[in-house]
Amino acid sequence: MYAKYIDRVKAFITDMFMIYAPILYITAYIIMDGKDDFQSSEIAPLLGITLYGFIYALLLSKFGHTLGKKAYEIKVVDAKTGEYISFFKAAFRFIAFLFTAATLLGLIMPFYRKDKKALHDLLCGTIVVSEIK
């Protein structure tokens, strides 16, 4: 069964709080000298998003879900085989998601598709499914 779009959004928000926010905190207050240094740095936000993308791809390839997706019982699988995706496909999916989110185009696609695929799912050949039986 396809995952509900609202569950995907809630999972994303959960991931922002559970994974991305701690990365930003550690980057700003442990690696750097505080928020002012973080805000004035051009590389710090890139470091944060790169580290988040690495963790995201690692979790998807190993478990099929991130912490947020696990909380809402959804997972990302290959659309053809139903198997977990590779690390590199998961990394590409993350990059495609950044493009999708920046343009907003791909984020409205699930409203018009029966399979609830967003643009980054179409580009990567993935699908988000519900683990609830």
# chains A, B, ... in the order shown; residues from 1 in each chain; ligands from 1
>>> residues_around(residues="segment 42-57 of chain A", least_positions_apart="6", cutoff="12 Å", atoms="only C-alpha atoms", output="ChimeraX atom specification")
/A:12,15-29,31-36,63-69,76,84-98
>>> select_by_dssp(residues="segment 4-127 of chain A", states="helix (DSSP H, G or I)", output="MDAnalysis selection string")
chainID A and resid 5:31 35:40 44:63 67:71 87:103 105:112 119:124
>>> residues_around(residues="Asp115 of chain A", least_positions_apart="5", cutoff="8 Å", atoms="only C-alpha atoms", output="number ranges by chain")
A: 2, 110, 127
>>> residues_around(residues="Ala3 of chain A", least_positions_apart="3", cutoff="8 Å", atoms="only C-alpha atoms", output="PyMOL selection string")
chain A and resi 7-8+74+116+128-130
>>> write_last_selection(atoms="N, CA, C and O atoms", output="PDB file, in the first residue's frame")
ATOM      1  N   ASP A   7       1.795  11.428   5.974  1.00  0.00           N
ATOM      2  CA  ASP A   7       2.774  10.675   6.754  1.00  0.00           C
ATOM      3  C   ASP A   7       4.189  10.959   6.267  1.00  0.00           C
ATOM      4  O   ASP A   7       5.131  11.010   7.060  1.00  0.00           O
ATOM      5  N   ARG A   8       4.350  11.146   4.957  1.00  0.00           N
ATOM      6  CA  ARG A   8       5.662  11.493   4.409  1.00  0.00           C
ATOM      7  C   ARG A   8       6.108  12.858   4.920  1.00  0.00           C
ATOM      8  O   ARG A   8       7.270  13.047   5.275  1.00  0.00           O
ATOM      9  N   ILE A  74       6.627   3.879   7.454  1.00  0.00           N
ATOM     10  CA  ILE A  74       6.741   3.915   6.000  1.00  0.00           C
ATOM     11  C   ILE A  74       8.184   3.631   5.624  1.00  0.00           C
ATOM     12  O   ILE A  74       9.100   3.812   6.440  1.00  0.00           O
ATOM     13  N   LYS A 116       1.276   8.016  -5.647  1.00  0.00           N
ATOM     14  CA  LYS A 116       1.769   9.010  -4.692  1.00  0.00           C
ATOM     15  C   LYS A 116       3.255   9.338  -4.861  1.00  0.00           C
ATOM     16  O   LYS A 116       3.917   9.782  -3.927  1.00  0.00           O
ATOM     17  N   VAL A 128       7.440   5.033  -1.953  1.00  0.00           N
ATOM     18  CA  VAL A 128       7.312   5.043  -0.493  1.00  0.00           C
ATOM     19  C   VAL A 128       6.044   4.269  -0.152  1.00  0.00           C
ATOM     20  O   VAL A 128       4.957   4.612  -0.622  1.00  0.00           O
ATOM     21  N   VAL A 129       6.230   3.232   0.637  1.00  0.00           N
ATOM     22  CA  VAL A 129       5.106   2.348   0.974  1.00  0.00           C
ATOM     23  C   VAL A 129       4.884   2.313   2.481  1.00  0.00           C
ATOM     24  O   VAL A 129       5.784   2.588   3.260  1.00  0.00           O
ATOM     25  N   SER A 130       3.677   1.967   2.849  1.00  0.00           N
ATOM     26  CA  SER A 130       3.309   1.825   4.244  1.00  0.00           C
ATOM     27  C   SER A 130       3.699   0.431   4.721  1.00  0.00           C
ATOM     28  O   SER A 130       3.510  -0.551   3.997  1.00  0.00           O
TER      29      SER A 130
END
>>> residues_around(residues="segment 111-113 of chain A", least_positions_apart="3", cutoff="12 Å", atoms="only C-alpha atoms", output="list in words")
Tyr2, Lys4, Tyr5, Ile6, Leu105, Gly106, Leu107, Ile108, Lys116, Lys117, Ala118, Leu119, Asp121, Leu122 and Ile127 of chain A
>>> write_last_selection(atoms="all heavy atoms", output="compact mmCIF listing (two decimals), in the first residue's frame")
# COMPACT_ATOMS: atom_id res chain seq x y z
N TYR A 2 0.54 2.24 -0.79
CA TYR A 2 1.31 3.47 -0.87
C TYR A 2 1.18 4.28 0.42
O TYR A 2 0.11 4.32 1.02
CB TYR A 2 0.84 4.32 -2.05
CG TYR A 2 0.90 3.61 -3.37
CD1 TYR A 2 -0.23 3.45 -4.16
CD2 TYR A 2 2.10 3.08 -3.83
CE1 TYR A 2 -0.17 2.78 -5.37
CE2 TYR A 2 2.17 2.41 -5.04
CZ TYR A 2 1.03 2.26 -5.81
OH TYR A 2 1.10 1.61 -7.00
N LYS A 4 0.75 7.42 2.82
CA LYS A 4 -0.02 8.65 2.73
C LYS A 4 0.95 9.83 2.67
O LYS A 4 1.98 9.85 3.34
CB LYS A 4 -0.91 8.82 3.96
CG LYS A 4 -1.97 7.77 4.09
CD LYS A 4 -2.73 7.99 5.39
CE LYS A 4 -3.66 6.84 5.68
NZ LYS A 4 -4.22 6.93 7.02
N TYR A 5 0.58 10.83 1.88
CA TYR A 5 1.44 12.00 1.71
C TYR A 5 1.65 12.72 3.04
O TYR A 5 2.76 13.16 3.35
CB TYR A 5 0.85 12.95 0.67
CG TYR A 5 1.79 14.08 0.31
CD1 TYR A 5 2.95 13.83 -0.42
CD2 TYR A 5 1.52 15.38 0.70
CE1 TYR A 5 3.82 14.85 -0.75
CE2 TYR A 5 2.39 16.41 0.37
CZ TYR A 5 3.53 16.13 -0.36
OH TYR A 5 4.39 17.15 -0.68
N ILE A 6 0.62 12.79 3.87
CA ILE A 6 0.74 13.48 5.15
C ILE A 6 1.74 12.76 6.05
O ILE A 6 2.48 13.40 6.81
CB ILE A 6 -0.64 13.67 5.84
CG1 ILE A 6 -0.53 14.61 7.04
CG2 ILE A 6 -1.24 12.35 6.26
CD1 ILE A 6 -0.23 16.03 6.68
N LEU A 105 7.82 22.00 -7.51
CA LEU A 105 7.08 21.28 -8.54
C LEU A 105 6.83 19.83 -8.15
O LEU A 105 5.70 19.36 -8.19
CB LEU A 105 7.86 21.33 -9.87
CG LEU A 105 7.34 20.44 -10.99
CD1 LEU A 105 5.98 20.93 -11.46
CD2 LEU A 105 8.33 20.42 -12.13
N GLY A 106 7.88 19.15 -7.75
CA GLY A 106 7.75 17.74 -7.45
C GLY A 106 6.99 17.43 -6.19
O GLY A 106 6.52 16.31 -6.00
N LEU A 107 6.87 18.42 -5.31
CA LEU A 107 6.17 18.18 -4.05
C LEU A 107 4.66 18.16 -4.19
O LEU A 107 3.96 17.65 -3.33
CB LEU A 107 6.59 19.21 -3.01
CG LEU A 107 8.07 19.18 -2.61
CD1 LEU A 107 8.35 20.25 -1.56
CD2 LEU A 107 8.47 17.82 -2.09
N ILE A 108 4.14 18.72 -5.29
CA ILE A 108 2.69 18.67 -5.50
C ILE A 108 2.27 17.49 -6.37
O ILE A 108 1.10 17.17 -6.44
CB ILE A 108 2.16 19.99 -6.09
CG1 ILE A 108 2.78 20.27 -7.45
CG2 ILE A 108 2.36 21.14 -5.13
CD1 ILE A 108 2.14 21.42 -8.20
N LYS A 116 1.28 8.02 -5.65
CA LYS A 116 1.77 9.01 -4.69
C LYS A 116 3.26 9.34 -4.86
O LYS A 116 3.92 9.78 -3.93
CB LYS A 116 1.52 8.56 -3.24
CG LYS A 116 0.09 8.22 -2.93
CD LYS A 116 -0.78 9.44 -3.00
CE LYS A 116 -2.19 9.08 -2.55
NZ LYS A 116 -3.20 9.82 -3.22
N LYS A 117 3.80 9.13 -6.05
CA LYS A 117 5.22 9.41 -6.28
C LYS A 117 5.47 10.90 -6.45
O LYS A 117 4.75 11.59 -7.17
CB LYS A 117 5.72 8.70 -7.53
CG LYS A 117 5.96 7.23 -7.36
CD LYS A 117 6.62 6.67 -8.60
CE LYS A 117 6.91 5.20 -8.44
NZ LYS A 117 7.65 4.70 -9.60
N ALA A 118 6.52 11.37 -5.79
CA ALA A 118 6.99 12.74 -5.99
C ALA A 118 8.03 12.69 -7.12
O ALA A 118 8.42 11.62 -7.58
CB ALA A 118 7.61 13.27 -4.70
N LEU A 119 8.49 13.85 -7.54
CA LEU A 119 9.44 13.92 -8.64
C LEU A 119 10.72 13.15 -8.34
O LEU A 119 11.23 12.42 -9.20
CB LEU A 119 9.77 15.38 -8.97
CG LEU A 119 10.73 15.62 -10.13
CD1 LEU A 119 10.20 15.00 -11.42
CD2 LEU A 119 10.98 17.11 -10.30
N ASP A 121 11.03 10.55 -6.53
CA ASP A 121 10.73 9.11 -6.64
C ASP A 121 10.75 8.67 -8.11
O ASP A 121 11.26 7.61 -8.44
CB ASP A 121 9.37 8.78 -6.03
CG ASP A 121 9.33 8.96 -4.53
OD1 ASP A 121 10.27 8.50 -3.86
OD2 ASP A 121 8.37 9.56 -4.03
N LEU A 122 10.17 9.50 -8.97
CA LEU A 122 10.17 9.18 -10.40
C LEU A 122 11.58 9.14 -10.97
O LEU A 122 11.92 8.24 -11.75
CB LEU A 122 9.33 10.20 -11.18
CG LEU A 122 7.83 10.14 -10.95
CD1 LEU A 122 7.14 11.34 -11.58
CD2 LEU A 122 7.26 8.85 -11.52
N ILE A 127 9.68 4.08 -4.53
CA ILE A 127 8.30 4.30 -4.08
C ILE A 127 8.30 4.25 -2.56
O ILE A 127 9.10 3.53 -1.95
CB ILE A 127 7.33 3.27 -4.69
CG1 ILE A 127 5.90 3.67 -4.42
CG2 ILE A 127 7.59 1.89 -4.18
CD1 ILE A 127 5.02 3.52 -5.59
>>> select_by_dssp(residues="segment 16-121 of chain A", states="strand (DSSP E or B)", output="mmCIF file with N, CA and C atoms, in the first residue's frame")
data_model
loop_
_atom_site.group_PDB
_atom_site.id
_atom_site.type_symbol
_atom_site.label_atom_id
_atom_site.label_comp_id
_atom_site.auth_asym_id
_atom_site.auth_seq_id
_atom_site.Cartn_x
_atom_site.Cartn_y
_atom_site.Cartn_z
ATOM 1 N N ILE A 74 6.627 3.879 7.454
ATOM 2 C CA ILE A 74 6.741 3.915 6.000
ATOM 3 C C ILE A 74 8.184 3.631 5.624
ATOM 4 N N LYS A 75 8.392 3.148 4.418
ATOM 5 C CA LYS A 75 9.750 2.880 3.967
ATOM 6 C C LYS A 75 9.874 3.160 2.475
ATOM 7 N N VAL A 76 11.103 3.355 2.056
ATOM 8 C CA VAL A 76 11.420 3.627 0.661
ATOM 9 C C VAL A 76 12.014 2.359 0.051
ATOM 10 N N VAL A 77 11.429 1.933 -1.052
ATOM 11 C CA VAL A 77 11.916 0.734 -1.728
ATOM 12 C C VAL A 77 12.032 0.993 -3.227
ATOM 13 N N ASP A 78 12.733 0.108 -3.894
ATOM 14 C CA ASP A 78 12.826 0.165 -5.347
ATOM 15 C C ASP A 78 11.442 -0.135 -5.918
#
>>> closest_residue(among="A:Ala79, A:Val9, A:Lys70, A:Ile30", to="Ala101 of chain A", atoms="only C-alpha atoms")
A:Val9
>>> closest_residue(among="A:Lys114, A:His120, A:Ala102, A:Ala11", to="Tyr72 of chain A", atoms="only C-alpha atoms")
A:Ala11
